[in-house]
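*Asks:* Supplied in structure tokens, the structure appears directly below.
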Amino acid sequence: MFRFIVRRLLQLIPTLFGLSLLLFIWLRRLPGGPETAILGERGTPEMRAAIRRNMGLDEPILVQYGRFVRRLIRLDLGTSTSTKRAVTTEFLERFPGTVELTVMALAIAIGLGIPLGYLAARRRGRLLDHASVGGSLIGICIPVFFLAYVLKAIFSENLGWFPSSGRQDPTIGATRITNFFVLDGLMTREWDAAADALWHLVLPGIALASIPLAIIVRITRASVLEVLNEDFVRTAEAKGLTERTVRRRHVLRNAMLPVVTSIGLLTGGLLSGAVLTETVFAFSGIGAFIYDAIGQRDYPVLMGFILIIAVVYVLVNLIVDLSYSLIDPRVRVR
Amino acid sequence: MSLLEVDDLSVTFARRGQRTVHAVDGVSFSVDAGEVVGLVGESGCGKSVTSLAIMGLLPKQPGLRVGGKAVFDGTDLLQLDDRSRRDIRGRDIAMIFQDPLSSLNPVVPIGLQVTEVLARHRGMKGDAAAKEAAALLDRVGIPDPKRRLKEYPHQLSGGMRQRALIAMAVACKPRLLIADEPTTALDVTIQAQILELLKELVRDSGTALVMITHDLGVVAGMCDTINVLYAGRVVETARRRPLFREPRHPYTVGLLGSVPRLDAGRGERLNPIPGSVRDVLPWPDGCAFAPRCSRRIDACVGEPPELVLAHDGRSYRCVNPAPLPGVEPGQEVRGAVPTEAQPGSVPAQAVPNDPPAVQGFGPAPREEEKP
């Protein structure tokens, strides 16, 4: 198991290497070159030349690439052209919010999706089944930002149950350690701060969870229906096992395999999909920042974001593979 | 009183907009304690559905109707509620299935799949259960049982998997074991071993065995009494020797004739039964086998043939049976029996070292090899 993890982490190196090459080429191939990206269309030829010299763009291409990689290894992603701060600093500040939101959305999607999908399969053709299948169709169809606005209008503006924006009430004056607000609250034992941060996550979490929830419900339902027809479930019944044992040990465990795979695929999408939700709820995660960076052609920020998303994808898939091998001995890793 | 009395068992699947399917259409047979009873027939004759109906394992679906009786030790299994059924299943009646790989849970170790039965019915836990499970695996001939307990089904060979399934089935020393085509998915050599194992278990424990198969070789090797099924009904019941020596029902004759024989001449063709199982007449309209029968007469169509109880306790459902050698058709001792009579209700005894009744059908190969 340990060797598998190490091997998979080592696989990260060629992946990142390839990605760095792509990013480097992309950066060099920008219309007008990086100097235009920084200066915009109005720069004079002298200014361009100065920037080229400053950035070392007049040196041989291999030297440039070497320097680019060296900086990446030191986690130096450059400076944001819009905020003039180090990209790494910006990310450390904003990324935790997005991670919290993603985890919240995943927790909602998994915690509701698997039981709902299971029950729908067991009550196939009855009201609950139709309701959850139909509901999941609606969940997939509604655009996330629209759902976000609706949730905000009903539950925060009309009913006032949840806060409408932000990650935490600033008047609480919470201590910051990791910038994961919920985690910080727990670590510093500022329970009210943790609860408040969690409370701020509910509405955006639900909005973001809608699509993965719908997908998980459907996959779980289909998977359970398939497993219920398997011979080994009949064997388990023939042994006279209680319904509970049959359900947990024989049906659910086997039905989870495709669900786990889909959760892995959904997680990566959630991180990049958080952008819209964060915008609606003025949630200071990475989403709004990336949104601005795209508008302002802030290439160092975008590059850093792409790299981080890639690393997260690889890590999430590692976790998926590990949990897969925990459930299914046939793919158990050595 | 038999251990299991199946009386007029019927299973129908009704679907809106489709013709109702009579998968089992009035099957009756009985099993005595310690007896090995065969249910033989080709695919689709209702063998498996019969066994699943007795076990209460038919997939619940709207339109499924199970009628008749299946009395096990004085209790009608078909009238039991789900809970009492679960108590009986695995403890008093156990079942072995056809495909050992798909019948085992791929993600649960063999050990747990054995101990879960022990835990459910014998209240065994922890080390005691593990020890008993290892003993069971050893009993069914799995080498190095302690190690096997931790392994998963995909790590076992086909024969070992079937042995493991048998171990699970006999874990609680059931009084009745139902084996649904237990050797169909296995190699021929492994088949013989598994049959030998089943025979041994039955002999040692006094468990009754219902052997469901389409393989007449299997039947010849181990069954005391044989019920031949066609289109959801028992068409002939007899003890092994008479059945192979003098089959009466034309369908039985056809089954025996369509098996390839080693002593047949070179280039001799097989004699299949013409037509297919789909060419059936609904039983109320006459004999279901009539459309394929070479001995068909006018009396076959119109009303279902009555059960005929012939000499030797055998019975068949045919108005124009194959003649007995040396007996004129008119002289034969026979009488129609009222419909309440059970085919096979006359207990049959296994004859030890029974010589092959029909050339080409020996008992299971292993037995012949013994000195």
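The chains in the structure tokens are called A, B, ... from first to last as shown; in each chain the residues are counted from 1, and the ligands are counted from 1 in the order shown.
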Return the neighbours of chain B among the residues of chain A, cut-off 10 Å, counting only C-alpha atoms, as a list in words.
*Replies:* Leu228, Asn229, Glu230, Asp231, Phe232, Val233, Arg234, Thr235, Ala236, Glu237, Ala238, Lys239, Gly240, Leu241, Thr242, Glu243, Thr245, Arg249, His250, Val251, Arg253, Asn254, Ser325, Leu326, Ile327, Asp328, Pro329 and Arg330 of chain A
*Asks:* Taking 4 positions as the minimum chain separation for residues in the same chain, which residues sit within 10 Å of segment 17-23 of chain A when counting only C-alpha atoms? Answer as a tab-separated table (two decimals) with N, CA and C atoms, in the first residue's frame.
*Replies:*
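And here is the file that came out, part.tsv:
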```tsv
chain	number	residue	atom	x	y	z
A	12	LEU	N	3.53	11.71	-10.37
A	12	LEU	CA	3.14	13.11	-10.44
A	12	LEU	C	4.21	13.92	-11.17
A	13	ILE	N	5.49	13.46	-11.02
A	13	ILE	CA	6.60	14.23	-11.58
A	13	ILE	C	6.52	14.34	-13.11
A	27	LEU	N	2.71	30.19	-22.74
A	27	LEU	CA	3.13	31.52	-22.32
A	27	LEU	C	3.94	32.21	-23.42
A	28	ARG	N	4.82	31.44	-24.07
A	28	ARG	CA	5.66	32.00	-25.12
A	28	ARG	C	4.85	32.32	-26.37
A	29	ARG	N	3.78	31.59	-26.56
A	29	ARG	CA	3.01	31.69	-27.80
A	29	ARG	C	1.86	32.68	-27.69
A	65	TYR	N	13.57	27.99	-20.30
A	65	TYR	CA	12.74	26.90	-19.76
A	65	TYR	C	13.31	26.38	-18.45
A	68	PHE	N	12.41	28.65	-15.77
A	68	PHE	CA	10.97	28.50	-15.51
A	68	PHE	C	10.72	27.30	-14.58
A	69	VAL	N	11.36	26.17	-14.93
A	69	VAL	CA	11.17	24.97	-14.12
A	69	VAL	C	11.75	25.16	-12.73
A	72	LEU	N	9.39	26.98	-10.68
A	72	LEU	CA	8.24	26.14	-10.32
A	72	LEU	C	8.58	25.24	-9.14
A	302	LEU	N	-3.25	32.56	-13.76
A	302	LEU	CA	-3.93	31.48	-14.48
A	302	LEU	C	-3.04	30.24	-14.55
A	303	MET	N	-1.74	30.47	-14.79
A	303	MET	CA	-0.82	29.36	-14.88
A	303	MET	C	-0.77	28.60	-13.55
A	304	GLY	N	-0.67	29.37	-12.49
A	304	GLY	CA	-0.64	28.74	-11.16
A	304	GLY	C	-1.90	27.94	-10.90
A	306	ILE	N	-3.90	26.54	-13.10
A	306	ILE	CA	-3.90	25.31	-13.90
A	306	ILE	C	-3.03	24.24	-13.23
A	307	LEU	N	-1.86	24.66	-12.76
A	307	LEU	CA	-0.96	23.72	-12.09
A	307	LEU	C	-1.62	23.11	-10.85
A	310	ALA	N	-4.26	20.66	-11.65
A	310	ALA	CA	-3.67	19.41	-12.13
A	310	ALA	C	-3.21	18.55	-10.96
```
*Asks:* Contacts of segment 128-137 of chain A at 12 Å or less, counting only C-alpha atoms, minus same-chain residues fewer than 2 places along, as number ranges by chain?
*Replies:* A: 109, 112-126, 139-143, 209-222, 225
*Asks:* Can you list, as a ChimeraX atom specification, all residues belonging to segment 37-271 of chain A that DSSP tags as alpha helix (DSSP H)?
*Replies:* /A:37-39,45-54,61-73,87-122,127-141,144-151,181-187,191-228,231-238,243-245,253-271
*Asks:* Got a sec: who's within 12 Å of Asp292 of chain A, counting only C-alpha atoms, leaving out chain neighbours fewer than 2 positions off, as an MDAnalysis selection string?
*Replies:* chainID A and resid 80:83 275 279 286:290 294:299 301:302
*Asks:* Please identify which residues in segment 182-214 of chain B DSSP calls strand (DSSP E or B) from the backbone, and express them as an NGL selection string.
*Replies:* :B and (208-213)
*Asks:* Figure out the distance between atom CA of Leu183 of chain A and atom CA of Ala197 of chain A, please, to one decimal in Å.
*Replies:*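 Going from atom CA of Ala197 of chain A over to atom CA of Leu183 of chain A, I get 9.4 Å.
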*Asks:* What's the 10 Å shell around Gly141 of chain B, counting only C-alpha atoms, without same-chain residues fewer than 4 positions away, as a PyMOL selection string?
*Replies:* chain B and resi 135-137+145+160+163-164+167+193-194+197
*Asks:* Could you state the separation of atom CA of Phe146 of chain A and atom CA of Ala293 of chain A in Å, given to one decimal place?
*Replies:*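 Pair atom CA of Phe146 of chain A / atom CA of Ala293 of chain A returns 23.1 Å.
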*Asks:* Name the residues in contact with Phe13 of chain B at a cut-off of 7 Å, using only C-alpha atoms, excluding same-chain residues fewer than 6 positions from it; report them as a list in words.
*Replies:*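 Close residues of Phe13 of chain B: Thr20, Val21, His22, Gly63, Leu64 and Arg65 of chain B.
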*Asks:* Which value, in Å to one decimal, gives the distance between atom CA of Ile110 of chain B and atom CA of Ala128 of chain B?
*Replies:*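 Computing it gives 16.0 Å between the two atoms.
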